[in-house]
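Student: So that you have it, the file is entry-v4.cif, and it contains mmCIF, N, CA and C atoms and all ligand atoms:
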data_query
loop_
_atom_site.group_PDB
_atom_site.id
_atom_site.type_symbol
_atom_site.label_atom_id
_atom_site.label_comp_id
_atom_site.auth_asym_id
_atom_site.auth_seq_id
_atom_site.Cartn_x
_atom_site.Cartn_y
_atom_site.Cartn_z
ATOM 1 N N MET A 1 -27.294 -20.930 -17.869
ATOM 2 C CA MET A 1 -28.524 -20.918 -17.066
ATOM 3 C C MET A 1 -28.218 -21.198 -15.593
ATOM 4 N N THR A 2 -28.881 -20.487 -14.717
ATOM 5 C CA THR A 2 -28.671 -20.699 -13.278
ATOM 6 C C THR A 2 -29.822 -21.510 -12.677
ATOM 7 N N TRP A 3 -30.560 -22.201 -13.542
ATOM 8 C CA TRP A 3 -31.753 -22.923 -13.094
ATOM 9 C C TRP A 3 -31.433 -23.871 -11.948
ATOM 10 N N TYR A 4 -30.387 -24.647 -12.091
ATOM 11 C CA TYR A 4 -30.130 -25.724 -11.148
ATOM 12 C C TYR A 4 -29.438 -25.231 -9.880
ATOM 13 N N ASP A 5 -29.074 -23.944 -9.835
ATOM 14 C CA ASP A 5 -28.486 -23.414 -8.607
ATOM 15 C C ASP A 5 -29.550 -23.190 -7.548
ATOM 16 N N GLU A 6 -30.815 -23.063 -7.977
ATOM 17 C CA GLU A 6 -31.894 -22.815 -7.015
ATOM 18 C C GLU A 6 -32.544 -24.130 -6.608
ATOM 19 N N MET A 7 -32.890 -24.208 -5.334
ATOM 20 C CA MET A 7 -33.575 -25.388 -4.846
ATOM 21 C C MET A 7 -35.013 -25.368 -5.353
ATOM 22 N N THR A 8 -35.453 -26.471 -5.904
ATOM 23 C CA THR A 8 -36.806 -26.555 -6.426
ATOM 24 C C THR A 8 -37.487 -27.797 -5.866
ATOM 25 N N TRP A 9 -38.700 -27.592 -5.339
ATOM 26 C CA TRP A 9 -39.448 -28.726 -4.815
ATOM 27 C C TRP A 9 -40.740 -28.894 -5.589
ATOM 28 N N CYS A 10 -41.170 -30.143 -5.728
ATOM 29 C CA CYS A 10 -42.400 -30.462 -6.444
ATOM 30 C C CYS A 10 -43.605 -29.958 -5.652
ATOM 31 N N ASP A 11 -44.546 -29.313 -6.327
ATOM 32 C CA ASP A 11 -45.770 -28.851 -5.677
ATOM 33 C C ASP A 11 -46.724 -30.012 -5.401
ATOM 34 N N GLY A 12 -46.448 -31.160 -5.980
ATOM 35 C CA GLY A 12 -47.314 -32.311 -5.758
ATOM 36 C C GLY A 12 -46.843 -33.162 -4.591
ATOM 37 N N CYS A 13 -45.687 -33.807 -4.717
ATOM 38 C CA CYS A 13 -45.221 -34.748 -3.705
ATOM 39 C C CYS A 13 -44.142 -34.132 -2.814
ATOM 40 N N GLY A 14 -43.610 -32.969 -3.174
ATOM 41 C CA GLY A 14 -42.656 -32.289 -2.314
ATOM 42 C C GLY A 14 -41.227 -32.765 -2.467
ATOM 43 N N VAL A 15 -40.971 -33.608 -3.447
ATOM 44 C CA VAL A 15 -39.614 -34.099 -3.634
ATOM 45 C C VAL A 15 -38.720 -32.978 -4.172
ATOM 46 N N GLU A 16 -37.458 -32.989 -3.791
ATOM 47 C CA GLU A 16 -36.524 -32.001 -4.321
ATOM 48 C C GLU A 16 -36.205 -32.367 -5.759
ATOM 49 N N ILE A 17 -36.403 -31.408 -6.660
ATOM 50 C CA ILE A 17 -36.216 -31.679 -8.083
ATOM 51 C C ILE A 17 -34.808 -31.279 -8.486
ATOM 52 N N THR A 18 -34.024 -32.258 -8.846
ATOM 53 C CA THR A 18 -32.650 -31.992 -9.286
ATOM 54 C C THR A 18 -32.511 -32.247 -10.777
ATOM 55 N N TRP A 19 -33.657 -32.430 -11.428
ATOM 56 C CA TRP A 19 -33.646 -32.659 -12.870
ATOM 57 C C TRP A 19 -34.583 -31.652 -13.527
ATOM 58 N N GLY A 20 -34.873 -31.797 -14.788
ATOM 59 C CA GLY A 20 -35.748 -30.864 -15.483
ATOM 60 C C GLY A 20 -37.169 -30.975 -14.974
ATOM 61 N N PRO A 21 -37.703 -29.937 -14.330
ATOM 62 C CA PRO A 21 -39.047 -29.985 -13.772
ATOM 63 C C PRO A 21 -40.122 -29.820 -14.833
ATOM 64 N N VAL A 22 -41.341 -30.243 -14.482
ATOM 65 C CA VAL A 22 -42.495 -30.053 -15.362
ATOM 66 C C VAL A 22 -43.260 -28.832 -14.871
ATOM 67 N N LEU A 23 -43.405 -27.834 -15.718
ATOM 68 C CA LEU A 23 -44.085 -26.604 -15.329
ATOM 69 C C LEU A 23 -45.534 -26.645 -15.760
ATOM 70 N N ASP A 24 -46.435 -26.289 -14.813
ATOM 71 C CA ASP A 24 -47.861 -26.222 -15.122
ATOM 72 C C ASP A 24 -48.366 -24.893 -14.587
ATOM 73 N N GLY A 25 -48.396 -23.866 -15.438
ATOM 74 C CA GLY A 25 -48.731 -22.535 -14.967
ATOM 75 C C GLY A 25 -47.637 -22.033 -14.024
ATOM 76 N N GLU A 26 -48.014 -21.665 -12.796
ATOM 77 C CA GLU A 26 -47.031 -21.203 -11.819
ATOM 78 C C GLU A 26 -46.526 -22.347 -10.950
ATOM 79 N N ARG A 27 -47.035 -23.538 -11.165
ATOM 80 C CA ARG A 27 -46.651 -24.678 -10.332
ATOM 81 C C ARG A 27 -45.531 -25.471 -10.975
ATOM 82 N N ILE A 28 -44.759 -26.100 -10.128
ATOM 83 C CA ILE A 28 -43.626 -26.889 -10.598
ATOM 84 C C ILE A 28 -43.783 -28.322 -10.101
ATOM 85 N N TYR A 29 -43.651 -29.255 -10.989
ATOM 86 C CA TYR A 29 -43.794 -30.666 -10.614
ATOM 87 C C TYR A 29 -42.559 -31.448 -11.036
ATOM 88 N N CYS A 30 -42.377 -32.582 -10.348
ATOM 89 C CA CYS A 30 -41.202 -33.396 -10.643
ATOM 90 C C CYS A 30 -41.381 -34.161 -11.943
ATOM 91 N N CYS A 31 -42.639 -34.476 -12.281
ATOM 92 C CA CYS A 31 -42.885 -35.222 -13.514
ATOM 93 C C CYS A 31 -44.341 -35.026 -13.924
ATOM 94 N N ARG A 32 -44.703 -35.527 -15.085
ATOM 95 C CA ARG A 32 -46.066 -35.325 -15.593
ATOM 96 C C ARG A 32 -47.081 -36.066 -14.737
ATOM 97 N N ASP A 33 -46.708 -37.221 -14.210
ATOM 98 C CA ASP A 33 -47.628 -37.948 -13.339
ATOM 99 C C ASP A 33 -48.049 -37.063 -12.176
ATOM 100 N N CYS A 34 -47.103 -36.412 -11.551
ATOM 101 C CA CYS A 34 -47.374 -35.582 -10.389
ATOM 102 C C CYS A 34 -48.259 -34.391 -10.765
ATOM 103 N N SER A 35 -48.034 -33.813 -11.922
ATOM 104 C CA SER A 35 -48.822 -32.654 -12.340
ATOM 105 C C SER A 35 -50.269 -33.043 -12.556
ATOM 106 N N GLN A 36 -50.537 -34.343 -12.764
ATOM 107 C CA GLN A 36 -51.901 -34.815 -12.962
ATOM 108 C C GLN A 36 -52.461 -35.462 -11.704
ATOM 109 N N GLY A 37 -51.731 -35.340 -10.586
ATOM 110 C CA GLY A 37 -52.232 -35.880 -9.329
ATOM 111 C C GLY A 37 -52.001 -37.367 -9.166
ATOM 112 N N ILE A 38 -51.137 -37.934 -10.003
ATOM 113 C CA ILE A 38 -50.859 -39.370 -9.922
ATOM 114 C C ILE A 38 -49.609 -39.585 -9.073
ATOM 115 N N LEU A 39 -49.655 -40.592 -8.206
ATOM 116 C CA LEU A 39 -48.489 -40.905 -7.397
ATOM 117 C C LEU A 39 -47.322 -41.305 -8.292
ATOM 118 N N CYS A 40 -46.156 -40.794 -7.967
ATOM 119 C CA CYS A 40 -44.988 -41.112 -8.774
ATOM 120 C C CYS A 40 -43.869 -41.643 -7.886
ATOM 121 N N ALA A 41 -42.811 -42.104 -8.494
ATOM 122 C CA ALA A 41 -41.718 -42.750 -7.767
ATOM 123 C C ALA A 41 -40.469 -41.880 -7.727
ATOM 124 N N CYS A 42 -40.627 -40.576 -7.961
ATOM 125 C CA CYS A 42 -39.453 -39.705 -7.990
ATOM 126 C C CYS A 42 -38.791 -39.645 -6.610
ATOM 127 N N GLY A 43 -39.573 -39.604 -5.550
ATOM 128 C CA GLY A 43 -39.005 -39.575 -4.205
ATOM 129 C C GLY A 43 -38.211 -40.828 -3.909
ATOM 130 N N GLU A 44 -38.740 -41.978 -4.297
ATOM 131 C CA GLU A 44 -38.029 -43.234 -4.080
ATOM 132 C C GLU A 44 -36.722 -43.238 -4.844
ATOM 133 N N ARG A 45 -36.773 -42.720 -6.061
ATOM 134 C CA ARG A 45 -35.571 -42.714 -6.878
ATOM 135 C C ARG A 45 -34.480 -41.878 -6.206
ATOM 136 N N MET A 46 -34.889 -40.751 -5.586
ATOM 137 C CA MET A 46 -33.908 -39.882 -4.955
ATOM 138 C C MET A 46 -33.304 -40.564 -3.736
ATOM 139 N N GLU A 47 -34.138 -41.301 -2.953
ATOM 140 C CA GLU A 47 -33.625 -41.973 -1.771
ATOM 141 C C GLU A 47 -32.575 -43.007 -2.151
ATOM 142 N N ILE A 48 -32.849 -43.758 -3.207
ATOM 143 C CA ILE A 48 -31.881 -44.749 -3.668
ATOM 144 C C ILE A 48 -30.587 -44.051 -4.064
ATOM 145 N N ASP A 49 -30.739 -42.908 -4.739
ATOM 146 C CA ASP A 49 -29.581 -42.148 -5.163
ATOM 147 C C ASP A 49 -28.742 -41.726 -3.964
ATOM 148 N N GLU A 50 -29.398 -41.258 -2.899
ATOM 149 C CA GLU A 50 -28.670 -40.806 -1.715
ATOM 150 C C GLU A 50 -27.976 -41.973 -1.029
ATOM 151 N N ASP A 51 -28.620 -43.131 -0.997
ATOM 152 C CA ASP A 51 -27.994 -44.296 -0.393
ATOM 153 C C ASP A 51 -26.687 -44.628 -1.101
ATOM 154 N N GLN A 52 -26.721 -44.554 -2.414
ATOM 155 C CA GLN A 52 -25.512 -44.869 -3.163
ATOM 156 C C GLN A 52 -24.420 -43.848 -2.879
ATOM 157 N N ARG A 53 -24.819 -42.587 -2.734
ATOM 158 C CA ARG A 53 -23.835 -41.542 -2.435
ATOM 159 C C ARG A 53 -23.227 -41.759 -1.048
ATOM 160 N N LEU A 54 -24.084 -42.085 -0.072
ATOM 161 C CA LEU A 54 -23.595 -42.326 1.285
ATOM 162 C C LEU A 54 -22.614 -43.496 1.274
ATOM 163 N N GLY A 55 -22.966 -44.542 0.521
ATOM 164 C CA GLY A 55 -22.089 -45.708 0.455
ATOM 165 C C GLY A 55 -20.720 -45.344 -0.086
ATOM 166 N N LYS A 56 -20.719 -44.592 -1.167
ATOM 167 C CA LYS A 56 -19.454 -44.170 -1.765
ATOM 168 C C LYS A 56 -18.672 -43.283 -0.805
ATOM 169 N N GLY A 57 -19.402 -42.367 -0.119
ATOM 170 C CA GLY A 57 -18.750 -41.453 0.818
ATOM 171 C C GLY A 57 -18.033 -42.199 1.923
ATOM 172 N N SER A 58 -18.714 -43.191 2.535
ATOM 173 C CA SER A 58 -18.101 -43.909 3.643
ATOM 174 C C SER A 58 -16.903 -44.711 3.141
ATOM 175 N N HIS A 59 -16.982 -45.210 1.929
ATOM 176 C CA HIS A 59 -15.863 -45.977 1.395
ATOM 177 C C HIS A 59 -14.631 -45.090 1.235
ATOM 178 N N SER A 60 -14.854 -43.870 0.682
ATOM 179 C CA SER A 60 -13.720 -42.984 0.462
ATOM 180 C C SER A 60 -13.125 -42.534 1.787
ATOM 181 N N LEU A 61 -13.994 -42.363 2.831
ATOM 182 C CA LEU A 61 -13.488 -41.999 4.154
ATOM 183 C C LEU A 61 -12.566 -43.099 4.671
ATOM 184 N N VAL A 62 -12.996 -44.350 4.517
ATOM 185 C CA VAL A 62 -12.185 -45.477 4.972
ATOM 186 C C VAL A 62 -10.843 -45.476 4.234
ATOM 187 N N ASP A 63 -10.895 -45.163 2.938
ATOM 188 C CA ASP A 63 -9.661 -45.151 2.167
ATOM 189 C C ASP A 63 -8.695 -44.091 2.680
ATOM 190 N N GLN A 64 -9.254 -42.945 3.092
ATOM 191 C CA GLN A 64 -8.388 -41.853 3.554
ATOM 192 C C GLN A 64 -7.683 -42.214 4.860
ATOM 193 N N PHE A 65 -8.401 -42.921 5.718
ATOM 194 C CA PHE A 65 -7.793 -43.281 6.998
ATOM 195 C C PHE A 65 -6.951 -44.554 6.837
HETATM 196 ZN ZN ZN B 1 -43.849 -34.796 -7.487
HETATM 197 ZN ZN ZN B 2 -42.550 -37.440 -10.005
#
Now that the file is in, can you turn its structure into structure tokens?
Ligand SMILES: [Zn+2]
Ligand SMILES: [Zn+2]
Tutor:
Amino acid sequence: MTWYDEMTWCDGCGVEITWGPVLDGERIYCCRDCSQGILCACGERMEIDEDQRLGKGSHSLVDQF
């Protein structure tokens, strides 16, 4: 499947979906909460994820130098 090669954003909160999206007709949501108009924490989860990646990245850069 080439599903994850395409960039997908939630039609509700606009977060980039890097996991299995929730489909509602032609709309794509990050989770069931979002498809029902409920605020969700998917965006926060992604930010935390990026922070951890940045931390690891800077550490490996330091190791290389
Ligand atoms: Zn959403
Ligand atoms: Zn969500």
Student: Quick one: of A:Thr8, A:Glu26, A:Trp19, A:Cys40, who's nearest to ligand ZN 1 (chain B), counting only C-alpha atoms and all ligand atoms?
Tutor: A:Cys40
Student: What's the 10 Å shell around Ser35 of chain A, counting only C-alpha atoms, without same-chain residues fewer than 5 positions away, as a PyMOL selection string?
Tutor: chain A and resi 10-13+22-24+27-30+40
Student: Dump as a list of chain:residue names all residues having an atom at most 8 Å from (-34.9, -29.8, -11.5), computed in the file's coordinates with only C-alpha atoms.
Tutor: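 Those residues lying close to the given coordinates are A:Trp3, A:Tyr4, A:Thr8, A:Glu16, A:Ile17, A:Thr18, A:Trp19, A:Gly20, A:Pro21, A:Cys30.
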Student: For atom C of Ile38 of chain A and atom N of Trp9 of chain A, quote the distance in Å rounded to one decimal.
Tutor: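 It comes out at 16.6 Å.
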Student: Between atom CA of Met7 of chain A and atom ZN of ligand ZN 1 (chain B), what is the distance in Å, rounded to a tenth?
Tutor: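 According to the coordinates, atom CA of Met7 of chain A and atom ZN of ligand ZN 1 (chain B) are separated by 14.2 Å.
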Student: Would you mind reading off the distance between atom C of Gly43 of chain A and atom CA of Glu6 of chain A, one decimal, in Å?
Tutor: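 For atom C of Gly43 of chain A relative to atom CA of Glu6 of chain A, the distance reads 19.3 Å.
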Student: With distances taken over only C-alpha atoms and all ligand atoms, which residue among A:Gly25, A:Gly37, A:Val15, A:Cys42 lies nearest ligand ZN 2 (chain B)?
Tutor: A:Cys42
Student: Return as AutoDock Vina command-line options the centre and edge lengths, in Å with one decimal, of the box along x, y and z that encloses every atom of segment 22-27 of chain A in the file, padded by 8 Å per side.
Tutor:
--center_x -45.0 --center_y -25.7 --center_z -13.0 --size_x 23.4 --size_y 25.0 --size_z 21.4
Student: Please complete segment 15-34 of chain A so it has N, CA, C and O atoms, and hand it over as an mmCIF file, in the frame of the given file.
Tutor:
data_model
loop_
_atom_site.group_PDB
_atom_site.id
_atom_site.type_symbol
_atom_site.label_atom_id
_atom_site.label_comp_id
_atom_site.auth_asym_id
_atom_site.auth_seq_id
_atom_site.Cartn_x
_atom_site.Cartn_y
_atom_site.Cartn_z
ATOM 1 N N VAL A 15 -40.971 -33.608 -3.447
ATOM 2 C CA VAL A 15 -39.614 -34.099 -3.634
ATOM 3 C C VAL A 15 -38.720 -32.978 -4.172
ATOM 4 O O VAL A 15 -39.184 -32.096 -4.888
ATOM 5 N N GLU A 16 -37.458 -32.989 -3.791
ATOM 6 C CA GLU A 16 -36.524 -32.001 -4.321
ATOM 7 C C GLU A 16 -36.205 -32.367 -5.759
ATOM 8 O O GLU A 16 -35.785 -33.486 -6.045
ATOM 9 N N ILE A 17 -36.403 -31.408 -6.660
ATOM 10 C CA ILE A 17 -36.216 -31.679 -8.083
ATOM 11 C C ILE A 17 -34.808 -31.279 -8.486
ATOM 12 O O ILE A 17 -34.443 -30.111 -8.428
ATOM 13 N N THR A 18 -34.024 -32.258 -8.846
ATOM 14 C CA THR A 18 -32.650 -31.992 -9.286
ATOM 15 C C THR A 18 -32.511 -32.247 -10.777
ATOM 16 O O THR A 18 -31.423 -32.293 -11.294
ATOM 17 N N TRP A 19 -33.657 -32.430 -11.428
ATOM 18 C CA TRP A 19 -33.646 -32.659 -12.870
ATOM 19 C C TRP A 19 -34.583 -31.652 -13.527
ATOM 20 O O TRP A 19 -35.062 -30.730 -12.868
ATOM 21 N N GLY A 20 -34.873 -31.797 -14.788
ATOM 22 C CA GLY A 20 -35.748 -30.864 -15.483
ATOM 23 C C GLY A 20 -37.169 -30.975 -14.974
ATOM 24 O O GLY A 20 -37.802 -32.008 -15.136
ATOM 25 N N PRO A 21 -37.703 -29.937 -14.330
ATOM 26 C CA PRO A 21 -39.047 -29.985 -13.772
ATOM 27 C C PRO A 21 -40.122 -29.820 -14.833
ATOM 28 O O PRO A 21 -39.859 -29.335 -15.928
ATOM 29 N N VAL A 22 -41.341 -30.243 -14.482
ATOM 30 C CA VAL A 22 -42.495 -30.053 -15.362
ATOM 31 C C VAL A 22 -43.260 -28.832 -14.871
ATOM 32 O O VAL A 22 -43.671 -28.777 -13.712
ATOM 33 N N LEU A 23 -43.405 -27.834 -15.718
ATOM 34 C CA LEU A 23 -44.085 -26.604 -15.329
ATOM 35 C C LEU A 23 -45.534 -26.645 -15.760
ATOM 36 O O LEU A 23 -45.855 -27.020 -16.887
ATOM 37 N N ASP A 24 -46.435 -26.289 -14.813
ATOM 38 C CA ASP A 24 -47.861 -26.222 -15.122
ATOM 39 C C ASP A 24 -48.366 -24.893 -14.587
ATOM 40 O O ASP A 24 -48.703 -24.770 -13.422
ATOM 41 N N GLY A 25 -48.396 -23.866 -15.438
ATOM 42 C CA GLY A 25 -48.731 -22.535 -14.967
ATOM 43 C C GLY A 25 -47.637 -22.033 -14.024
ATOM 44 O O GLY A 25 -46.478 -22.006 -14.385
ATOM 45 N N GLU A 26 -48.014 -21.665 -12.796
ATOM 46 C CA GLU A 26 -47.031 -21.203 -11.819
ATOM 47 C C GLU A 26 -46.526 -22.347 -10.950
ATOM 48 O O GLU A 26 -45.704 -22.152 -10.076
ATOM 49 N N ARG A 27 -47.035 -23.538 -11.165
ATOM 50 C CA ARG A 27 -46.651 -24.678 -10.332
ATOM 51 C C ARG A 27 -45.531 -25.471 -10.975
ATOM 52 O O ARG A 27 -45.397 -25.496 -12.193
ATOM 53 N N ILE A 28 -44.759 -26.100 -10.128
ATOM 54 C CA ILE A 28 -43.626 -26.889 -10.598
ATOM 55 C C ILE A 28 -43.783 -28.322 -10.101
ATOM 56 O O ILE A 28 -44.034 -28.546 -8.916
ATOM 57 N N TYR A 29 -43.651 -29.255 -10.989
ATOM 58 C CA TYR A 29 -43.794 -30.666 -10.614
ATOM 59 C C TYR A 29 -42.559 -31.448 -11.036
ATOM 60 O O TYR A 29 -41.839 -31.062 -11.946
ATOM 61 N N CYS A 30 -42.377 -32.582 -10.348
ATOM 62 C CA CYS A 30 -41.202 -33.396 -10.643
ATOM 63 C C CYS A 30 -41.381 -34.161 -11.943
ATOM 64 O O CYS A 30 -40.411 -34.501 -12.597
ATOM 65 N N CYS A 31 -42.639 -34.476 -12.281
ATOM 66 C CA CYS A 31 -42.885 -35.222 -13.514
ATOM 67 C C CYS A 31 -44.341 -35.026 -13.924
ATOM 68 O O CYS A 31 -45.133 -34.457 -13.173
ATOM 69 N N ARG A 32 -44.703 -35.527 -15.085
ATOM 70 C CA ARG A 32 -46.066 -35.325 -15.593
ATOM 71 C C ARG A 32 -47.081 -36.066 -14.737
ATOM 72 O O ARG A 32 -48.205 -35.621 -14.579
ATOM 73 N N ASP A 33 -46.708 -37.221 -14.210
ATOM 74 C CA ASP A 33 -47.628 -37.948 -13.339
ATOM 75 C C ASP A 33 -48.049 -37.063 -12.176
ATOM 76 O O ASP A 33 -49.222 -36.983 -11.823
ATOM 77 N N CYS A 34 -47.103 -36.412 -11.551
ATOM 78 C CA CYS A 34 -47.374 -35.582 -10.389
ATOM 79 C C CYS A 34 -48.259 -34.391 -10.765
ATOM 80 O O CYS A 34 -49.145 -34.012 -10.019
#
